[in-house]
Number of protein chains: 2
Amino acid sequence: MHHPDTIITSEHVIYHFDASMQGKWRVKPGELVEIRCPDGVHGQIRTETDRYQAVDYDHVNDAVGPIHVEGAEPGDRLVIDIKDIQIPQDWGYVLLIPNFGLLQKKIKEAKTKIVAIRDGHVHFDELRIPLDPCIGTIGVAPAEGRYNTVIPFDHGGNMDTTAIRAGARVHFPVNRAGGLIAMGDAKAVMGDGEVCGTGVGVPINVFARFEIIKGKRLPRPVIETATEWQFVASAETVEQACGLANEDMIAAISRVRGSCWEEAYMLSSLVGDLRISQVVDPLMTVRMAIDKKYLPSID
Amino acid sequence: MHHPDTIITSEHVIYHFDASMQGKWRVKPGELVEIRCPDGVHGQIRTETDRYQAVDYDHVNDAVGPIHVEGAEPGDRLVIDIKDIQIPQDWGYVLLIPNFGLLQKKIKEAKTKIVAIRDGHVHFDELRIPLDPCIGTIGVAPAEGRYNTVIPFDHGGNMDTTAIRAGARVHFPVNRAGGLIAMGDAKAVMGDGEVCGTGVGVPINVFARFEIIKGKRLPRPVIETATEWQFVASAETVEQACGLANEDMIAAISRVRGSCWEEAYMLSSLVGDLRISQVVDPLMTVRMAIDKKYLPSID
């Protein structure tokens, strides 16, 4: 049981991460916050006869927030420390959507599969898949411009990254006062790639604390696990995203080890692992991971 | 200690995987074979003043073989069961090569770093990186055409995949009698991506047994580990390679589970993990992994 200091609900959601957006909730660093997020289609799919064409496209991939974290100023880093993610529902959906997904040319018509959730597992026919919920969309106000919540970019957004799960600490750049974080579009289980365009879509309740690291803004999100730093980047192509993630890792290695760019690049090639987050959103998201034993800090 | 039935050395190497190539060694399924491979530049780099420009480009990325496995016929699958990989040398090289690698635009001049290998680790300055040798280039005669050994494609080749390590069983399509396998270009350690264009280049001695699975040819290599099937694909872009790997996984799921294409695609999105092998060779290689508990067999 968690005893949150603040509960944030879907009474206000956003459909764009916008440089001019305003906070709807205010929380303090360190307090336990519960954020209740609807599923990625905001409850519009409930049976296998509900298909994606019938969905109101203006109300998908909404993100609960924005949450203003007191004291976060441009130039800081905002960390969300994800303590737990609970799924308040005993089923989820998987969708095939025409003109969407890695193999979209093969999809002639939409299809919905409803899967049961019980005993800590998704039940896909007779297969039992252990629950491992992740937050598909999570981001902050961008430095400039306006991004639909389905787009991943430097502010975060629809990164669809399995590593954004309970136990992870996700570091975001603070571009606007308060950071203005928002989140949603969760999956109960999903593979790296999200190839068909969805995992198992579910609502979630996220329990998290926020932390501000003053004056240490980084250009893009970084996921911290117990053992790794994962530099996240999104771009038009996987190759471009890989290049950005690698540059961010090299910069951190150079800062921390004091090594020249070339030596840091070599080290990243030996102990850095490029991983695919998603290849469908429509920008591509990757992360590059390094064990903390080689890079204890990123500052 | 291993007691190989046959020892195969670099007295004969190939620079192309060619549909018309001929076997130089003959081995029987089941016998223990030791294959001694030079490093990826065939010993041309020995000190930090040896740089890649000075290398004879006609003698890089050579592959020891071809090895004719008795009884392998077109339409079969040839499995190499990698029992052990030993590194007969106490150092390795890391290279930066102009016009090569993920961040090649930033590389103005070639650079070589020699790293010590001792006590089961690569020593990169004060960092100790556990040895985890992989075979960078391994493939069979293609069905048609001729591929430089630096190119990865459906026949295998320069896949630079860390998962091709001791303990793995790698399944190849048999296109020509005997399969005609050849290998080389090993790394003592490497991250997924091989971003700078090399890992720690070393010679290796591979200890392996071959196995023929009659009449079960698959279009591309598949890596089998104790717990996973990994469908490997190489293409012009990472996205294209992801699509091929996903199609191969879907086909296997459909064959084994008897499910329709759409259901298999959904399952692959939930429990299939797309992983980057390399983004530099110059075709891109990925693999898509599925736990054997969801897919016990690929036939």
# chains A, B, ... in the order shown; residues from 1 in each chain; ligands from 1
>>> interface_residues(of="chain B", to="chain A", cutoff="8 Å", atoms="only C-alpha atoms", output="PyMOL selection string")
chain B and resi 94-96+102-103+124+127+129+189-200+237-239+242-243+246+262+265-276+279+294
>>> residues_around(residues="Tyr57 in chain B", least_positions_apart="6", cutoff="12 Å", atoms="only C-alpha atoms", output="MDAnalysis selection string")
chainID B and resid 15 40:42 44 148:150
>>> residues_around(residues="Glu31 in chain A", least_positions_apart="5", cutoff="8 Å", atoms="only C-alpha atoms", output="number ranges by chain")
A: 4-6, 209-210
>>> select_by_dssp(residues="range 188-255 of chain B", states="alpha helix (DSSP H)", output="PDB file with N, CA, C and O atoms, in the first residue's frame")
ATOM      1  N   VAL B 238      18.121   0.172 -40.716  1.00  0.00           N
ATOM      2  CA  VAL B 238      17.725  -0.592 -39.527  1.00  0.00           C
ATOM      3  C   VAL B 238      16.244  -0.952 -39.605  1.00  0.00           C
ATOM      4  O   VAL B 238      15.854  -2.073 -39.276  1.00  0.00           O
ATOM      5  N   GLU B 239      15.422  -0.003 -40.081  1.00  0.00           N
ATOM      6  CA  GLU B 239      13.988  -0.261 -40.148  1.00  0.00           C
ATOM      7  C   GLU B 239      13.687  -1.441 -41.075  1.00  0.00           C
ATOM      8  O   GLU B 239      12.851  -2.299 -40.762  1.00  0.00           O
ATOM      9  N   GLN B 240      14.372  -1.489 -42.222  1.00  0.00           N
ATOM     10  CA  GLN B 240      14.159  -2.616 -43.144  1.00  0.00           C
ATOM     11  C   GLN B 240      14.611  -3.928 -42.510  1.00  0.00           C
ATOM     12  O   GLN B 240      13.935  -4.959 -42.630  1.00  0.00           O
ATOM     13  N   ALA B 241      15.749  -3.896 -41.852  1.00  0.00           N
ATOM     14  CA  ALA B 241      16.235  -5.115 -41.196  1.00  0.00           C
ATOM     15  C   ALA B 241      15.255  -5.554 -40.104  1.00  0.00           C
ATOM     16  O   ALA B 241      14.965  -6.748 -39.966  1.00  0.00           O
ATOM     17  N   CYS B 242      14.703  -4.590 -39.366  1.00  0.00           N
ATOM     18  CA  CYS B 242      13.699  -4.916 -38.333  1.00  0.00           C
ATOM     19  C   CYS B 242      12.490  -5.611 -38.964  1.00  0.00           C
ATOM     20  O   CYS B 242      11.961  -6.580 -38.404  1.00  0.00           O
ATOM     21  N   GLY B 243      12.056  -5.103 -40.112  1.00  0.00           N
ATOM     22  CA  GLY B 243      10.906  -5.702 -40.781  1.00  0.00           C
ATOM     23  C   GLY B 243      11.170  -7.148 -41.167  1.00  0.00           C
ATOM     24  O   GLY B 243      10.314  -8.025 -40.947  1.00  0.00           O
ATOM     25  N   LEU B 244      12.344  -7.445 -41.708  1.00  0.00           N
ATOM     26  CA  LEU B 244      12.677  -8.821 -42.096  1.00  0.00           C
ATOM     27  C   LEU B 244      12.740  -9.741 -40.876  1.00  0.00           C
ATOM     28  O   LEU B 244      12.217 -10.866 -40.897  1.00  0.00           O
ATOM     29  N   ALA B 245      13.404  -9.266 -39.825  1.00  0.00           N
ATOM     30  CA  ALA B 245      13.516 -10.092 -38.607  1.00  0.00           C
ATOM     31  C   ALA B 245      12.131 -10.360 -38.022  1.00  0.00           C
ATOM     32  O   ALA B 245      11.824 -11.481 -37.587  1.00  0.00           O
ATOM     33  N   ASN B 246      11.291  -9.340 -38.039  1.00  0.00           N
ATOM     34  CA  ASN B 246       9.931  -9.531 -37.519  1.00  0.00           C
ATOM     35  C   ASN B 246       9.145 -10.518 -38.382  1.00  0.00           C
ATOM     36  O   ASN B 246       8.447 -11.400 -37.857  1.00  0.00           O
ATOM     37  N   GLU B 247       9.283 -10.406 -39.693  1.00  0.00           N
ATOM     38  CA  GLU B 247       8.572 -11.367 -40.568  1.00  0.00           C
ATOM     39  C   GLU B 247       9.036 -12.797 -40.313  1.00  0.00           C
ATOM     40  O   GLU B 247       8.221 -13.728 -40.301  1.00  0.00           O
ATOM     41  N   ASP B 248      10.347 -12.972 -40.117  1.00  0.00           N
ATOM     42  CA  ASP B 248      10.845 -14.330 -39.845  1.00  0.00           C
ATOM     43  C   ASP B 248      10.290 -14.857 -38.526  1.00  0.00           C
ATOM     44  O   ASP B 248       9.945 -16.040 -38.414  1.00  0.00           O
ATOM     45  N   MET B 249      10.208 -13.973 -37.511  1.00  0.00           N
ATOM     46  CA  MET B 249       9.646 -14.412 -36.235  1.00  0.00           C
ATOM     47  C   MET B 249       8.161 -14.757 -36.378  1.00  0.00           C
ATOM     48  O   MET B 249       7.696 -15.777 -35.847  1.00  0.00           O
ATOM     49  N   ILE B 250       7.441 -13.929 -37.075  1.00  0.00           N
ATOM     50  CA  ILE B 250       6.002 -14.183 -37.276  1.00  0.00           C
ATOM     51  C   ILE B 250       5.796 -15.522 -37.996  1.00  0.00           C
ATOM     52  O   ILE B 250       4.926 -16.319 -37.617  1.00  0.00           O
ATOM     53  N   ALA B 251       6.612 -15.781 -39.013  1.00  0.00           N
ATOM     54  CA  ALA B 251       6.484 -17.047 -39.748  1.00  0.00           C
ATOM     55  C   ALA B 251       6.715 -18.231 -38.809  1.00  0.00           C
ATOM     56  O   ALA B 251       5.997 -19.230 -38.855  1.00  0.00           O
ATOM     57  N   ALA B 252       7.707 -18.125 -37.938  1.00  0.00           N
ATOM     58  CA  ALA B 252       7.983 -19.230 -37.002  1.00  0.00           C
ATOM     59  C   ALA B 252       6.839 -19.396 -36.006  1.00  0.00           C
ATOM     60  O   ALA B 252       6.425 -20.519 -35.702  1.00  0.00           O
ATOM     61  N   ILE B 253       6.341 -18.277 -35.479  1.00  0.00           N
ATOM     62  CA  ILE B 253       5.210 -18.355 -34.538  1.00  0.00           C
ATOM     63  C   ILE B 253       4.006 -19.013 -35.218  1.00  0.00           C
ATOM     64  O   ILE B 253       3.345 -19.888 -34.648  1.00  0.00           O
ATOM     65  N   SER B 254       3.748 -18.623 -36.462  1.00  0.00           N
ATOM     66  CA  SER B 254       2.597 -19.192 -37.183  1.00  0.00           C
ATOM     67  C   SER B 254       2.775 -20.688 -37.403  1.00  0.00           C
ATOM     68  O   SER B 254       1.839 -21.473 -37.205  1.00  0.00           O
ATOM     69  N   ARG B 255       3.994 -21.088 -37.820  1.00  0.00           N
ATOM     70  CA  ARG B 255       4.272 -22.512 -38.051  1.00  0.00           C
ATOM     71  C   ARG B 255       4.056 -23.316 -36.773  1.00  0.00           C
ATOM     72  O   ARG B 255       3.418 -24.377 -36.790  1.00  0.00           O
TER      73      ARG B 255
END
>>> residues_around(residues="Leu78 in chain A", least_positions_apart="3", cutoff="12 Å", atoms="only C-alpha atoms", output="number ranges by chain")
A: 28-30, 67-75, 81, 139-141, 155, 169-181, 209-218, 220-223
